[in-house]
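Structure first, then comments.
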Amino acid sequence: MKISTKGRYGLTIMMALAKKSGDGPVSLKSIAKEYDLSEHYLEQLIAPLRNAMLVKSVRGAYGGYMLAKEAKQITAGDIIRVLEGPISPVEVLEDEEPAKRDLWIKIRDAVKDVLDSTTLDDLANFKTEGEQEYYMFYI
């Protein structure tokens with residue numbers, strides 16, 4: 001499973017809204033400018049997030065978007081599922097060898113567990129503790 005720019009930018013939008021929660025509506029223009037992203041692309045991503053009731057819009061001169069729930073109530077999994085669809089790194093085939101099928105299910109469940117246990121609040125308030133090594137996993 002590879003998270004596309006839809007998922008990446010969607011998380012960026014939601015994290016920006018979480019960081020400015022309580023400050024009133026935030027315009028997509030300001031998010032696009034702050035993160036050097038296409039405002040037009042962000043407009044395409046905000047609609048499904050609004051339809052899923054993760055964000056709400058405020059019209060008017062000082063309008064924009066804000067979280068529809070507290071950041072602690074929204075998970076990374078909620079956001080990714082809305083923008084990317086179901087979380088399934090590998091298609092599990094019924095006629096596959098049981099050992100391999102079990103492995104694919106464990107991988108799927110591990111990815112779901114991480115996404116569903118990471119809240120938007122965790123992401124918005126993330127602080128690094130020293131240097132981290134980054135690994136690239138190809139599945």
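Residue numbering restarts at 1 in every chain; chains get A, B, ... in the order shown in the structure tokens, and ligands count up from 1 in that same order.
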Using DSSP on the backbone coordinates, identify all residues within chain A classified as strand (DSSP E); present the result as number ranges by chain. A: 55-58, 64-67
Would you mind exporting the chosen residues as a PDB file, in the first residue's frame, restricted to C-alpha atoms?
ATOM      1  CA  VAL A  55     -14.368  19.271   8.645  1.00  0.00           C
ATOM      2  CA  LYS A  56     -17.003  21.970   8.438  1.00  0.00           C
ATOM      3  CA  SER A  57     -16.973  25.049   6.264  1.00  0.00           C
ATOM      4  CA  VAL A  58     -17.742  28.622   7.215  1.00  0.00           C
ATOM      5  CA  GLY A  64     -12.687  28.824   5.754  1.00  0.00           C
ATOM      6  CA  TYR A  65     -12.581  25.391   7.312  1.00  0.00           C
ATOM      7  CA  MET A  66     -12.395  24.001  10.811  1.00  0.00           C
ATOM      8  CA  LEU A  67     -12.449  20.555  12.355  1.00  0.00           C
TER       9      LEU A  67
END
Enumerate the residues of segment 39-105 of chain A with a DSSP assignment of alpha helix (DSSP H), computed from the backbone, and present them as a ChimeraX atom specification. /A:39-51,76-84,98-105
For segment 11-27 of chain A, find every residue with an atom within 8 Å (counting only C-alpha atoms), except residues of its own chain fewer than 2 positions away, and show them as number ranges by chain. A: 7-9, 29-31, 42, 57-58, 62-67, 71, 76, 79-80, 120-121, 123-125
12 Å contact set for Leu103 of chain A, only C-alpha atoms, chain neighbours under 3 positions out, as a compact mmCIF listing (two decimals) with N, CA and C atoms, in the first residue's frame:
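result-v7.txt, written as the output of this step:
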# COMPACT_ATOMS: atom_id res chain seq x y z
N PRO A 89 -3.04 -3.30 2.19
CA PRO A 89 -1.77 -3.30 1.48
C PRO A 89 -1.64 -4.43 0.46
N VAL A 90 -2.29 -5.56 0.74
CA VAL A 90 -2.21 -6.72 -0.14
C VAL A 90 -3.60 -7.32 -0.26
N GLU A 91 -3.97 -7.67 -1.48
CA GLU A 91 -5.26 -8.34 -1.66
C GLU A 91 -5.15 -9.77 -1.16
N VAL A 92 -6.04 -10.13 -0.26
CA VAL A 92 -6.03 -11.48 0.32
C VAL A 92 -6.89 -12.37 -0.57
N LEU A 93 -6.25 -13.40 -1.13
CA LEU A 93 -6.97 -14.33 -2.01
C LEU A 93 -7.37 -15.57 -1.23
N GLU A 96 -5.25 -18.80 -1.80
CA GLU A 96 -3.81 -18.70 -1.53
C GLU A 96 -3.41 -19.63 -0.38
N GLU A 97 -2.14 -19.98 -0.36
CA GLU A 97 -1.64 -20.84 0.73
C GLU A 97 -1.97 -20.20 2.07
N PRO A 98 -2.41 -21.01 3.05
CA PRO A 98 -2.81 -20.46 4.35
C PRO A 98 -1.72 -19.63 5.04
N ALA A 99 -0.48 -20.05 4.94
CA ALA A 99 0.61 -19.30 5.61
C ALA A 99 0.75 -17.91 5.02
N LYS A 100 0.68 -17.80 3.69
CA LYS A 100 0.80 -16.49 3.04
C LYS A 100 -0.44 -15.64 3.32
N LYS A 106 -2.06 -10.32 8.72
CA LYS A 106 -1.31 -9.69 9.82
C LYS A 106 -0.76 -8.33 9.40
N ILE A 107 -0.26 -8.23 8.18
CA ILE A 107 0.26 -6.95 7.68
C ILE A 107 -0.87 -5.92 7.60
N ARG A 108 -2.00 -6.33 7.03
CA ARG A 108 -3.15 -5.43 6.93
C ARG A 108 -3.58 -4.93 8.31
N ASP A 109 -3.68 -5.86 9.25
CA ASP A 109 -4.13 -5.51 10.60
C ASP A 109 -3.14 -4.59 11.31
N ALA A 110 -1.83 -4.81 11.08
CA ALA A 110 -0.81 -3.95 11.70
C ALA A 110 -0.91 -2.52 11.17
N ILE A 139 6.31 -3.21 0.08
CA ILE A 139 5.44 -4.37 0.27
C ILE A 139 4.82 -4.72 -1.07
Compile the contact shell of Val82 of chain A as a ChimeraX atom specification: residues with an atom at most 7 Å away, counting only C-alpha atoms, same-chain residues fewer than 3 positions apart removed. /A:48-49,78-79,85
Provide the atom CA of Ile87 of chain A to atom CA of Lys6 of chain A distance in Å, to one decimal place.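 Separating atom CA of Ile87 of chain A from atom CA of Lys6 of chain A is a distance of 14.0 Å.
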